[in-house]
Structure formats: C-alpha cells, structure tokens
Amino acid sequence: MDTMRRETFPKWEHLTGDKSIAGLFSRGEAFIVFPLRVVYLRVEREDAPVRVMFAVPKRHFRHAVDRNRMKRLMRESYRKQKSALIEYAESNGCTLHVAVSLIRPMWLSYGDMYIKMGKIIRNLADRLAEGAEEAKV
RNA sequence: AUAGUCGGGCGGUCUGUCGCCAGGCGCAGCUUUAAGGCUGCAUCGGGAGGAAAGUCCGGGCAACACAGAGCACCAUACUUCCUAACGGGAAGAGGGUCGUGAGAUUCACACAAGCGCAGAAGAAAAUAACCGCCCGCGCUCUUCGCGGGUAAGGGUGAGAAGGUGAGGUAAGAGCUUACCGCCGCAGUGGCGACACUCGCGGGUCAGUGCGCCGUAUGGGUUGAAAGACCAAGUAAACCGGCGUCAUGUCAGGGCUGCUCGCCCGAAGUUACCGCCGGAGGGUAGGUCGAUAGAGUCCGUUGGUGACAGCGGACCCAGAUAAAUGACAGACGCGGCAUCUCGCAUGCCGUACAGAACCCGGCUUAUAGCCCGGCUAUUCCU
C-alpha cells in the first residue's frame with residue numbers, strides 16, 4: 001500500500017442499490033452536523049471499506065442544477081478528507097454505509113462545506129472507534 | 001444619428017492542481033478448452049442545451065387489444081402548399097382592434113334551417129305603440145278621455161327591425177322609385193381563399209351574445225418504471241436415481257391446555273420419508289432496449305418560401321441513488337465612475353439553466369452581444 005493515499009472517489013465507493021440504501025435508512029444510526037444529516041451503518045466486510053451517498057431533497061432545491069451543485073460540493077469535500085475514515089474502517093475489518101443529506105434549503109460555500117464534512121468524518125471515526133471498543137469488551 | 005419594428009444568429013476563452021464517466025490502444029494479474037470476460041495501472045483523444053425545462057401536440061419504437069360497419073365521445077376548422085406526422089411551419093386572402101409608421105394582435109367550416117337560455121336598462125328583446133304624430137267619436141273647438149292608424153322622431157341597450165334623397169299619405173312605412181349597402185345567379189381573373197363587373201334577379205332585405213343541432217378530417221389503449229433476455233440463494237410443487245421394511249414417516253390417541261420429548265398405534269411397501277441430481281418459473285442483481293439518426297456540416301440545383309433533389313465529407317455524451325466536476329488565477333465581453341483622454345485605472349456585472357429511449361414542433365425562462373430588412377424623426381452633402 002502506498003504511503004501517499006490518492007484522493008479518489010471511484011464508483012465502487014458510491015453507495016448504490018435499493019437494498020443497501022433501504023437497509024441503511026431502516027437500521028442505521030443518525031446524527032446531525034447542521035445543516036447536514038448523516039445516517040450510517042456497520043455491515044459485513046465488502047470490497048470497499050466505506051460506501052457513501054449524498055442526497056439533496058427536491059423540495060429544498062427545485063432546480064436540478066442547484067441540487068447537482070450541492071451534491072458536487074459534498075462529494076468533493078468528502079473526497080479530499082476521506083482517508084482518515086477509510087483507515088479506521090479498514091483497521092476494524094468492516095464496511096461502513098453512509099448517507100449524507102442536506103436537510104435545510106440553504107446554500108453552503110465550498111469552504112463551509114469542507115469544514116462541515118471534516119466534522120462529520122471525525123465524528124464518524126470517533127463513533128467507529130467506540131463501536132470497536134464495545135465489540136472487544 | 002437617435003428611437004423603434006420584424007427576421008436570423010451567438011450565448012464565454014485560457015492555464016495549473018486534484019477528481020468523475022464511457023471508449024480506443026498497451027502492460028500486468030485472475031479466470032476460461034478457446035473466442036473472450038473481469039480487475040488494476042499507464043496513455044490517447046471524447047464528455048450537456050438553445051432551451052437539455054414545461055410535458056402541451058405530432059411521430060418512431062414496444063406490449064396488449066382488434067372481423068366489418070355505424071353511433072357516442074374527444075380534438076381540429078379561411079385557402080393553397082410543406083412534412084413521416086401535427087393542433088406545427090411557409091406563402092397568400094378577408095374582417096375587426098391598436099399604432100404617425102414599419103408592424104402587432106384577434107376572428108373564421110355550416111348556421112337569411114330550426115330550437116333553447118339571457119336583464120337593477122328599456123314602452124317593447126320579435127305577434128314591438130310608453131311618449132310623440134295622424135284620423136274618428138265624446139262637448140262646437142282646445143285641454144282631456146275613449147277607439148283606431150302609424151316604426152319618421154325620443155331615450156335604454158352589446159343588439160331596436162338596412163341608409164340617403166324623391167314620390168306618396170290623414171300621418172307614416174321598401175308602400176313606390178333612384179343610388180348605396182346586403183343576398184343569389186352569371187361573367188372575368190386566380191390552383192384556391194377571394195377579388196372585380198355600367199351584367200341579371202331579389203323589398204318575405206337577415207336583431208345581439210351564448211349554447212344545442214349539422215358537415216368534414218383525425219383519433220384503439222398504455223408508455224422505456226414500455227418491453228426482451230440471463231439469473232446466485234431460498235421455500236414449495238414436478239421429474240429421475242439411490243437408500244430404507246422400521247429405531248424412519250405418520251391418521252388418531254395418551255402424559256398435558258400449547259411446544260418439545262416420551263409412549264400406544266391404523267394404513268401404505270412402484271407409497272411415505274431421507275439423500276443426491278435435473279428441469280421449469282422467478283426474487284436480489286445484471287445484460288439488452290440505449291444512441292448511425294425523418295443525423296450533422298459543406299457545395300449545388302429547383303422553389304417567393306416552408307422545403308425537396310443530387311454530390312461530397314463526418315461519427316458527435318450515453319449516465320442509472322444517476323458521470324460531464326471542485327478550487328485557484330488570468331483574459332475576454334458589457335456597464336458605471338475618474339482622470340494625465342489612453343480603451344489608462346478602479347468598481348460592478350457575466351444570464352436562464354443539467355441529457356435520462358429517440359426524433360419534429362409549440363410554449364415558457366434567459367446577462368450580454370452580433371448581422372440583415374424596414375419605419376419614424378432629425379442633421380449633413
């Protein structure tokens with residue numbers, strides 16, 4: 001494994017498939033980093049250590065252009081900061097399903113989004129670590 | 001030059017860093033009898049629109065339905081042409097409204113065949129007498145009253161019984177006549193809508209709005225979440241093989257109300273049951289549909305034009321919880337301000353908006369800019 005992890009976000013790290021998504025939303029745990037809501041779920045080891053999806057509801061952003069813009073910012077800021085989370089997941093030997101949705105109709109700049117996403121990733125990593133402790137005990 | 005009007009077109013560019021999607025070529029790994037497939041890396045060039053939008057019309061395509069015909073229902077409705085088709089487009093024709101004008105906008109089959117409905121107006125809304133005008137009678141006249149005639153005048157209304165002149169009359173009236181208008185026919189021009197005519201006929205020559213009724217043309221339904229195919233696993237049913245003749249299975253019963261367990265025990269032996277295999281349907285998931293087309297560009301010919309023919313060149317996004325991006329900087333374009341008037345400096349703006357089976361239209365949104373025709377006003381030669 002390279003010492004320098006590349007900042008990629010390939011297809012297999014996207015969360016897809018009706019069953020996975022339905023399972024995540026019905027059984028996952030959630031927390032909020034305003035205005036973003038995060039739902040996550042630990043599942044059995046898959047090919048990817050973490051699989052993520054981003055959502056922007058149509059009722060907040062009526063035009064597809066605006067929804068795309070917010071999703072792209074979310075994706076981009078995740079891509080830049082995801083390596084910590086992936087390392088945690090890999091060391092725990094499980095896969096994490098995550099969904100991040102924008103729950104308020106507000107515009108975030110790239111800078112704001114980057115900070116929020118950083119918080120989300122640290123939060124997720126902490127919770128994952130806790131879960132691992134519990135599993136050991 | 002300014003203002004306007006119609007038509008057509010464009011709607012950012014470059015650099016760096018980090019990424020995404022599909023494809024080509026190469027290398028490596030895994031897999032396969034093999035063709036090939038999958039994964040990774042590297043590299044090459046490609047990757048939203050004029051509206052991709054609204055989903056309002058028309059087609060292709062697909063599934064289902066369907067003897068034929070009619071009715072009903074829905075849509076459309078000046079003419080000719082274009083087109084795969086259209087409720088779209090082009091050219092043209094008539095009326096109304098708006099504008100000094102270029103133009104804009106709107107109406108329309110038939111409906112002088114019939115029927116229905118319509119009111120805070122008006123005498124009256126179609127068998128029109130309220131006022132007025134005229135005649136007769138009551139009293140001799142006037143006023144007034146009664147009976148009758150009269151649609152020329154009045155106000156109301158979206159609409160009031162074609163208009164003007166003359167004749168006519170008690171007063172009037174298409175009552176008669178001339179002209180104008182209207183309707184029908186004829187002639188001429190035009191493919192046609194229609195236009196024109198010192199032509200012929202018509203005075204029973206038509207009230208407004210809405211609806212019903214009539215005619216012609218088109219329409220089967222659904223809509224890519226259509227539809228076609230592959231299909232892990234699991235349960236039940238089916239087929240085949242093997243095992244087993246009782247310690248299995250199991251109707252029924254008992255301990256015990258239920259489950260497990262134990263016990264009693266009928267029937268069946270080509271069965272039941274167990275194990276293995278097969279085939280079919282089909283879920284998760286995947287593949288196709290799905291990107292070469294009524295295609296784009298250039299030239300040319302025909303046509304006023306929409307468009308069509310011919311020749312040549314080109315291949316131009318194919319995602320699927322849904323790629324086509326993020327950040328930084330520079331430039332361009334436009335506006336404003338300042339001054340040393342150079343496109344110098346500063347500030348601001350740079351839109352609307354994201355493919356989802358594919359086409360043709362329509363409608364709506366849109367910063368800023370370009371080109372052409374025409375109109376009005378003003379100035380100069």
# chains A, B, ... in the order shown; residues from 1 in each chain; ligands from 1

call {"tool": "residues_around", "arguments": {"residues": "Ile120 (chain A)", "least_positions_apart": "3", "cutoff": "8 Å", "atoms": "only C-alpha atoms (C1' of nucleotides)", "output": "JSON list (two decimals) with N, CA and C atoms, in the first residue's frame"}}
result
[["chain", "number", "residue", "atom", "x", "y", "z"],
["A", 33, "VAL", "N", -24.85, 17.28, 11.71],
["A", 33, "VAL", "CA", -23.90, 18.39, 11.73],
["A", 33, "VAL", "C", -24.55, 19.45, 10.86],
["A", 38, "VAL", "N", -26.52, 12.84, 8.86],
["A", 38, "VAL", "CA", -25.71, 11.68, 8.49],
["A", 38, "VAL", "C", -26.39, 10.42, 9.02],
["A", 116, "LYS", "N", -17.70, 21.43, 7.46],
["A", 116, "LYS", "CA", -18.76, 20.54, 7.94],
["A", 116, "LYS", "C", -18.40, 19.09, 7.68],
["A", 117, "MET", "N", -17.88, 18.83, 6.49],
["A", 117, "MET", "CA", -17.58, 17.45, 6.13],
["A", 117, "MET", "C", -16.44, 16.92, 6.99],
["A", 123, "ASN", "N", -16.36, 12.80, 13.48],
["A", 123, "ASN", "CA", -17.45, 12.25, 14.29],
["A", 123, "ASN", "C", -17.65, 10.77, 14.00],
["A", 124, "LEU", "N", -17.69, 10.45, 12.70],
["A", 124, "LEU", "CA", -17.87, 9.05, 12.30],
["A", 124, "LEU", "C", -16.74, 8.19, 12.79]]

call {"tool": "closest_atom_pairs", "arguments": {"of": "chain B", "to": "chain A", "cutoff": "12 Å", "atoms": "only C-alpha atoms (C1' of nucleotides)", "output": "CSV"}}
result
residue,atom,partner,partner_atom,distance
B:C18,C1',A:Glu7,CA,7.4
B:G19,C1',A:Thr8,CA,6.3
B:C20,C1',A:Pro10,CA,7.6
B:C21,C1',A:Lys11,CA,9.5
B:A48,C1',A:Val65,CA,11.4
B:A52,C1',A:Ala64,CA,11.2
B:A53,C1',A:His63,CA,9.5
B:A284,C1',A:Lys19,CA,8.3
B:G285,C1',A:Gly17,CA,9.0
B:A319,C1',A:Lys11,CA,11.9
B:U320,C1',A:Thr16,CA,10.0
B:A321,C1',A:Thr16,CA,5.8
B:A322,C1',A:Thr16,CA,10.1
B:A323,C1',A:Lys11,CA,9.8
B:U324,C1',A:Asn68,CA,11.6
B:G325,C1',A:Arg72,CA,6.9
B:A326,C1',A:Glu76,CA,6.1
B:C327,C1',A:Tyr110,CA,8.6
B:C352,C1',A:Val65,CA,11.2
B:A353,C1',A:Val65,CA,7.0
B:G354,C1',A:Val65,CA,5.6
B:A355,C1',A:Ala64,CA,11.8

call {"tool": "write_last_selection", "arguments": {"atoms": "N, CA, C and O atoms (P, O5', C5', C4', C3', O3' and C1' of nucleotides)", "output": "compact mmCIF listing (two decimals), in the first residue's frame"}}
result
# COMPACT_ATOMS: atom_id res chain seq x y z
P C B 18 -2.02 16.74 -9.58
O5' C B 18 -3.41 16.45 -8.87
C5' C B 18 -3.48 16.44 -7.45
C4' C B 18 -4.92 16.40 -7.00
C3' C B 18 -5.77 15.29 -7.61
O3' C B 18 -5.53 14.03 -7.00
C1' C B 18 -6.98 17.31 -7.64
P G B 19 -5.93 12.70 -7.75
O5' G B 19 -7.51 12.78 -7.70
C5' G B 19 -8.29 12.22 -8.73
C4' G B 19 -9.73 12.60 -8.49
C3' G B 19 -10.71 11.90 -9.41
O3' G B 19 -11.07 10.64 -8.92
C1' G B 19 -11.11 14.23 -9.43
P C B 20 -11.34 9.43 -9.91
O5' C B 20 -12.77 9.79 -10.50
C5' C B 20 -13.89 9.88 -9.65
C4' C B 20 -15.12 10.25 -10.44
C3' C B 20 -15.39 9.36 -11.66
O3' C B 20 -16.02 8.16 -11.30
C1' C B 20 -15.61 11.64 -12.27
P C B 21 -15.78 6.85 -12.17
O5' C B 21 -16.60 7.15 -13.51
C5' C B 21 -18.02 7.21 -13.50
C4' C B 21 -18.55 7.46 -14.89
C3' C B 21 -18.02 6.53 -15.97
O3' C B 21 -18.69 5.28 -15.95
C1' C B 21 -17.98 8.76 -16.76
P A B 48 -19.26 18.70 -22.97
O5' A B 48 -20.62 19.32 -22.49
C5' A B 48 -21.59 18.53 -21.83
C4' A B 48 -22.87 18.59 -22.63
C3' A B 48 -23.35 20.01 -22.82
O3' A B 48 -24.10 20.04 -24.01
C1' A B 48 -24.93 18.82 -21.54
P A B 52 -34.16 21.56 -26.70
O5' A B 52 -33.33 20.80 -25.58
C5' A B 52 -33.85 20.71 -24.26
C4' A B 52 -33.13 19.61 -23.54
C3' A B 52 -33.62 19.38 -22.11
O3' A B 52 -34.67 18.47 -22.09
C1' A B 52 -31.29 19.67 -22.11
P A B 53 -35.71 18.52 -20.83
O5' A B 53 -35.21 19.80 -19.97
C5' A B 53 -35.20 19.79 -18.54
C4' A B 53 -36.21 20.80 -18.05
C3' A B 53 -37.61 20.57 -18.63
O3' A B 53 -38.30 19.48 -18.07
C1' A B 53 -37.01 22.82 -18.96
P A B 284 -36.16 -8.17 -7.88
O5' A B 284 -34.82 -8.37 -7.05
C5' A B 284 -34.75 -7.92 -5.70
C4' A B 284 -33.39 -8.23 -5.12
C3' A B 284 -32.20 -7.63 -5.85
O3' A B 284 -31.99 -6.27 -5.49
C1' A B 284 -31.75 -9.89 -5.37
P G B 285 -31.84 -5.16 -6.68
O5' G B 285 -30.59 -5.70 -7.52
C5' G B 285 -29.28 -5.70 -6.96
C4' G B 285 -28.35 -6.57 -7.76
C3' G B 285 -28.15 -6.17 -9.21
O3' G B 285 -27.23 -5.11 -9.38
C1' G B 285 -28.56 -8.49 -9.11
P A B 319 -23.70 4.43 -20.11
O5' A B 319 -23.65 4.94 -18.60
C5' A B 319 -22.57 5.72 -18.13
C4' A B 319 -23.07 6.74 -17.13
C3' A B 319 -23.96 6.18 -16.03
O3' A B 319 -23.19 5.71 -14.94
C1' A B 319 -25.01 8.04 -17.02
P U B 320 -23.60 4.37 -14.22
O5' U B 320 -25.13 4.61 -13.82
C5' U B 320 -25.46 5.49 -12.77
C4' U B 320 -26.95 5.52 -12.55
C3' U B 320 -27.52 4.24 -11.93
O3' U B 320 -28.57 4.60 -11.06
C1' U B 320 -28.59 4.66 -13.97
P A B 321 -28.67 3.91 -9.67
O5' A B 321 -28.12 5.09 -8.74
C5' A B 321 -28.38 6.44 -9.10
C4' A B 321 -28.27 7.32 -7.89
C3' A B 321 -27.08 7.02 -7.01
O3' A B 321 -26.59 8.25 -6.48
C1' A B 321 -29.07 6.75 -5.77
P A B 322 -25.26 8.85 -7.05
O5' A B 322 -25.35 8.62 -8.63
C5' A B 322 -25.42 9.73 -9.47
C4' A B 322 -25.67 9.31 -10.89
C3' A B 322 -26.08 10.50 -11.77
O3' A B 322 -24.94 11.11 -12.33
C1' A B 322 -27.66 8.77 -11.99
P A B 323 -24.53 12.59 -11.92
O5' A B 323 -23.02 12.64 -12.42
C5' A B 323 -22.00 11.96 -11.68
C4' A B 323 -20.83 11.67 -12.58
C3' A B 323 -20.36 12.85 -13.42
O3' A B 323 -19.40 13.61 -12.72
C1' A B 323 -20.69 10.97 -14.81
P U B 324 -19.68 15.18 -12.46
O5' U B 324 -19.44 15.82 -13.89
C5' U B 324 -18.17 15.73 -14.52
C4' U B 324 -18.29 16.02 -15.99
C3' U B 324 -19.00 17.32 -16.34
O3' U B 324 -18.11 18.42 -16.25
C1' U B 324 -19.80 15.56 -17.70
P G B 325 -18.63 19.92 -16.16
O5' G B 325 -18.49 20.28 -14.61
C5' G B 325 -19.47 19.89 -13.67
C4' G B 325 -18.85 19.40 -12.40
C3' G B 325 -18.02 20.42 -11.62
O3' G B 325 -18.82 21.28 -10.84
C1' G B 325 -16.85 18.38 -11.74
P A B 326 -18.32 22.75 -10.41
O5' A B 326 -17.21 22.43 -9.32
C5' A B 326 -17.58 21.98 -8.01
C4' A B 326 -16.35 21.88 -7.14
C3' A B 326 -15.53 23.15 -7.05
O3' A B 326 -16.05 24.05 -6.09
C1' A B 326 -14.11 21.32 -7.49
P C B 327 -15.94 25.63 -6.32
O5' C B 327 -14.40 25.89 -6.06
C5' C B 327 -13.84 25.65 -4.78
C4' C B 327 -12.34 25.68 -4.85
C3' C B 327 -11.72 26.94 -5.42
O3' C B 327 -11.70 28.00 -4.49
C1' C B 327 -10.64 25.05 -6.33
P C B 352 -29.58 33.13 -13.47
O5' C B 352 -30.61 32.41 -14.44
C5' C B 352 -31.80 33.07 -14.86
C4' C B 352 -32.38 32.34 -16.05
C3' C B 352 -32.64 30.86 -15.82
O3' C B 352 -33.89 30.66 -15.19
C1' C B 352 -31.55 31.19 -17.90
P A B 353 -33.98 29.65 -13.94
O5' A B 353 -34.00 28.27 -14.70
C5' A B 353 -33.08 27.25 -14.39
C4' A B 353 -32.55 26.65 -15.67
C3' A B 353 -31.96 25.26 -15.52
O3' A B 353 -32.97 24.28 -15.63
C1' A B 353 -30.50 26.64 -16.78
P G B 354 -33.03 23.03 -14.59
O5' G B 354 -32.28 21.91 -15.46
C5' G B 354 -30.91 21.90 -15.53
C4' G B 354 -30.44 20.87 -16.51
C3' G B 354 -30.56 19.44 -16.01
O3' G B 354 -30.85 18.57 -17.10
C1' G B 354 -28.27 19.98 -16.37
P A B 355 -31.98 17.45 -16.90
O5' A B 355 -31.30 16.02 -17.24
C5' A B 355 -30.21 15.93 -18.11
C4' A B 355 -30.65 15.72 -19.53
C3' A B 355 -31.07 14.30 -19.90
O3' A B 355 -32.09 14.34 -20.87
C1' A B 355 -29.19 14.93 -21.20

call {"tool": "residues_around", "arguments": {"residues": "G172 (chain B)", "least_positions_apart": "6", "cutoff": "10 Å", "atoms": "only C-alpha atoms (C1' of nucleotides)", "output": "VMD selection string"}}
result
chain B and resid 133 to 134 149 to 152

call {"tool": "residues_around", "arguments": {"residues": "C109 (chain B)", "least_positions_apart": "3", "cutoff": "9 Å", "atoms": "only C-alpha atoms (C1' of nucleotides)", "output": "PyMOL selection string"}}
result
chain B and resi 77-78+215-216

call {"tool": "write_last_selection", "arguments": {"atoms": "N, CA, C and O atoms (P, O5', C5', C4', C3', O3' and C1' of nucleotides)", "output": "short mmCIF file (atom, residue, chain, number, x, y, z; two decimals), in the first residue's frame"}}
result
data_model
loop_
_atom_site.label_atom_id
_atom_site.label_comp_id
_atom_site.auth_asym_id
_atom_site.auth_seq_id
_atom_site.Cartn_x
_atom_site.Cartn_y
_atom_site.Cartn_z
P A B 77 -58.54 25.06 -34.67
"O5'" A B 77 -59.30 24.98 -36.06
"C5'" A B 77 -58.57 24.70 -37.26
"C4'" A B 77 -59.53 24.64 -38.42
"C3'" A B 77 -60.33 25.92 -38.62
"O3'" A B 77 -60.27 26.34 -39.98
"C1'" A B 77 -61.77 24.01 -38.52
P C B 78 -59.21 27.45 -40.38
"O5'" C B 78 -59.77 28.03 -41.74
"C5'" C B 78 -61.15 28.37 -41.87
"C4'" C B 78 -61.34 29.08 -43.18
"C3'" C B 78 -60.45 28.54 -44.29
"O3'" C B 78 -61.08 27.48 -44.99
"C1'" C B 78 -60.16 30.89 -44.10
P U B 215 -74.17 15.44 -39.93
"O5'" U B 215 -73.12 16.29 -40.77
"C5'" U B 215 -73.40 16.65 -42.12
"C4'" U B 215 -72.24 17.42 -42.72
"C3'" U B 215 -70.89 16.72 -42.67
"O3'" U B 215 -70.77 15.74 -43.69
"C1'" U B 215 -70.63 18.98 -42.00
P A B 216 -69.85 14.44 -43.45
"O5'" A B 216 -68.38 15.03 -43.58
"C5'" A B 216 -67.93 15.58 -44.81
"C4'" A B 216 -66.58 16.24 -44.63
"C3'" A B 216 -65.52 15.37 -44.00
"O3'" A B 216 -64.92 14.50 -44.95
"C1'" A B 216 -65.51 17.48 -42.94
#

call {"tool": "select_by_dssp", "arguments": {"residues": "chain A", "states": "helix (DSSP H, G or I)", "output": "number ranges by chain"}}
result
A: 11-13, 18-27, 64-81, 83-92, 110-136

call {"tool": "write_last_selection", "arguments": {"atoms": "C-alpha atoms", "output": "mmCIF file, in the first residue's frame"}}
result
data_model
loop_
_atom_site.group_PDB
_atom_site.id
_atom_site.type_symbol
_atom_site.label_atom_id
_atom_site.label_comp_id
_atom_site.auth_asym_id
_atom_site.auth_seq_id
_atom_site.Cartn_x
_atom_site.Cartn_y
_atom_site.Cartn_z
ATOM 1 C CA LYS A 11 -17.733 4.123 -8.477
ATOM 2 C CA TRP A 12 -17.384 1.251 -6.035
ATOM 3 C CA GLU A 13 -17.161 3.694 -3.142
ATOM 4 C CA ASP A 18 -32.145 -0.365 -3.459
ATOM 5 C CA LYS A 19 -31.497 -2.979 -0.786
ATOM 6 C CA SER A 20 -28.371 -1.402 0.658
ATOM 7 C CA ILE A 21 -29.984 2.005 0.816
ATOM 8 C CA ALA A 22 -33.228 0.750 2.303
ATOM 9 C CA GLY A 23 -31.243 -1.214 4.899
ATOM 10 C CA LEU A 24 -29.173 1.820 5.776
ATOM 11 C CA PHE A 25 -32.159 4.068 6.356
ATOM 12 C CA SER A 26 -34.193 1.479 8.270
ATOM 13 C CA ARG A 27 -31.444 0.184 10.589
ATOM 14 C CA ALA A 64 -31.666 20.147 -10.887
ATOM 15 C CA VAL A 65 -28.724 22.484 -11.424
ATOM 16 C CA ASP A 66 -28.808 23.594 -7.806
ATOM 17 C CA ARG A 67 -29.110 20.048 -6.455
ATOM 18 C CA ASN A 68 -26.186 18.969 -8.603
ATOM 19 C CA ARG A 69 -24.122 21.879 -7.332
ATOM 20 C CA MET A 70 -24.648 20.996 -3.673
ATOM 21 C CA LYS A 71 -24.032 17.304 -4.256
ATOM 22 C CA ARG A 72 -20.834 18.066 -6.103
ATOM 23 C CA LEU A 73 -19.584 20.203 -3.249
ATOM 24 C CA MET A 74 -20.418 17.456 -0.765
ATOM 25 C CA ARG A 75 -18.709 14.847 -2.888
ATOM 26 C CA GLU A 76 -15.658 16.989 -3.437
ATOM 27 C CA SER A 77 -15.165 17.849 0.221
ATOM 28 C CA TYR A 78 -15.623 14.198 1.195
ATOM 29 C CA ARG A 79 -13.108 13.105 -1.404
ATOM 30 C CA LYS A 80 -10.469 15.447 -0.050
ATOM 31 C CA GLN A 81 -10.814 14.297 3.578
ATOM 32 C CA SER A 83 -8.632 8.940 4.065
ATOM 33 C CA ALA A 84 -8.868 9.035 7.884
ATOM 34 C CA LEU A 85 -12.273 7.408 7.845
ATOM 35 C CA ILE A 86 -11.168 4.714 5.449
ATOM 36 C CA GLU A 87 -8.178 3.799 7.601
ATOM 37 C CA TYR A 88 -10.425 3.395 10.638
ATOM 38 C CA ALA A 89 -12.840 1.213 8.711
ATOM 39 C CA GLU A 90 -10.078 -0.945 7.288
ATOM 40 C CA SER A 91 -8.478 -1.480 10.678
ATOM 41 C CA ASN A 92 -11.859 -2.551 12.078
ATOM 42 C CA TYR A 110 -17.133 25.221 -0.650
ATOM 43 C CA GLY A 111 -15.220 26.422 2.410
ATOM 44 C CA ASP A 112 -18.195 25.860 4.744
ATOM 45 C CA MET A 113 -18.957 22.514 3.221
ATOM 46 C CA TYR A 114 -15.324 21.458 3.651
ATOM 47 C CA ILE A 115 -15.426 22.308 7.376
ATOM 48 C CA LYS A 116 -18.762 20.541 7.944
ATOM 49 C CA MET A 117 -17.579 17.449 6.133
ATOM 50 C CA GLY A 118 -14.403 17.407 8.198
ATOM 51 C CA LYS A 119 -16.537 17.408 11.358
ATOM 52 C CA ILE A 120 -18.683 14.607 10.006
ATOM 53 C CA ILE A 121 -15.695 12.446 9.218
ATOM 54 C CA ARG A 122 -14.092 12.973 12.658
ATOM 55 C CA ASN A 123 -17.449 12.249 14.293
ATOM 56 C CA LEU A 124 -17.874 9.050 12.296
ATOM 57 C CA ALA A 125 -14.346 7.938 13.086
ATOM 58 C CA ASP A 126 -14.916 8.513 16.817
ATOM 59 C CA ARG A 127 -18.142 6.546 16.781
ATOM 60 C CA LEU A 128 -16.458 3.753 14.873
ATOM 61 C CA ALA A 129 -13.674 3.615 17.434
ATOM 62 C CA GLU A 130 -16.225 3.442 20.269
ATOM 63 C CA GLY A 131 -18.045 0.642 18.478
ATOM 64 C CA ALA A 132 -14.795 -1.251 18.154
ATOM 65 C CA GLU A 133 -14.063 -0.854 21.912
ATOM 66 C CA GLU A 134 -17.530 -2.200 22.741
ATOM 67 C CA ALA A 135 -17.058 -5.112 20.399
ATOM 68 C CA LYS A 136 -13.781 -6.028 22.131
#

call {"tool": "atom_distance", "arguments": {"atom1": "C1' of G277 (chain B)", "atom2": "C1' of U33 (chain B)"}}
result
25.2 Å

call {"tool": "residues_around", "arguments": {"residues": "C275 (chain B)", "least_positions_apart": "4", "cutoff": "12 Å", "atoms": "only C-alpha atoms (C1' of nucleotides)", "output": "list in words"}}
result
G241, C242, G243 and U244 of chain B

call {"tool": "write_last_selection", "arguments": {"atoms": "C-alpha atoms (C1' of nucleotides)", "output": "CSV table (one decimal), in the first residue's frame"}}
result
chain,number,residue,atom,x,y,z
B,241,G,C1',-31.7,-42.0,-9.4
B,242,C,C1',-30.3,-44.1,-4.8
B,243,G,C1',-31.4,-45.6,0.4
B,244,U,C1',-34.7,-47.9,3.9

call {"tool": "residues_around", "arguments": {"residues": "Met106 (chain A)", "least_positions_apart": "5", "cutoff": "9 Å", "atoms": "only C-alpha atoms (C1' of nucleotides)", "output": "NGL selection string"}}
result
:A and (35 or 60-61)

call {"tool": "decode", "arguments": {"residues": "region 107-119 of chain A", "atoms": "C-alpha atoms", "output": "short mmCIF file (atom, residue, chain, number, x, y, z; two decimals), in the first residue's frame"}}
result
data_model
loop_
_atom_site.label_atom_id
_atom_site.label_comp_id
_atom_site.auth_asym_id
_atom_site.auth_seq_id
_atom_site.Cartn_x
_atom_site.Cartn_y
_atom_site.Cartn_z
CA TRP A 107 -26.53 27.47 0.23
CA LEU A 108 -23.13 26.44 1.54
CA SER A 109 -19.89 27.70 0.06
CA TYR A 110 -17.13 25.22 -0.65
CA GLY A 111 -15.22 26.42 2.41
CA ASP A 112 -18.20 25.86 4.74
CA MET A 113 -18.96 22.51 3.22
CA TYR A 114 -15.32 21.46 3.65
CA ILE A 115 -15.43 22.31 7.38
CA LYS A 116 -18.76 20.54 7.94
CA MET A 117 -17.58 17.45 6.13
CA GLY A 118 -14.40 17.41 8.20
CA LYS A 119 -16.54 17.41 11.36
#
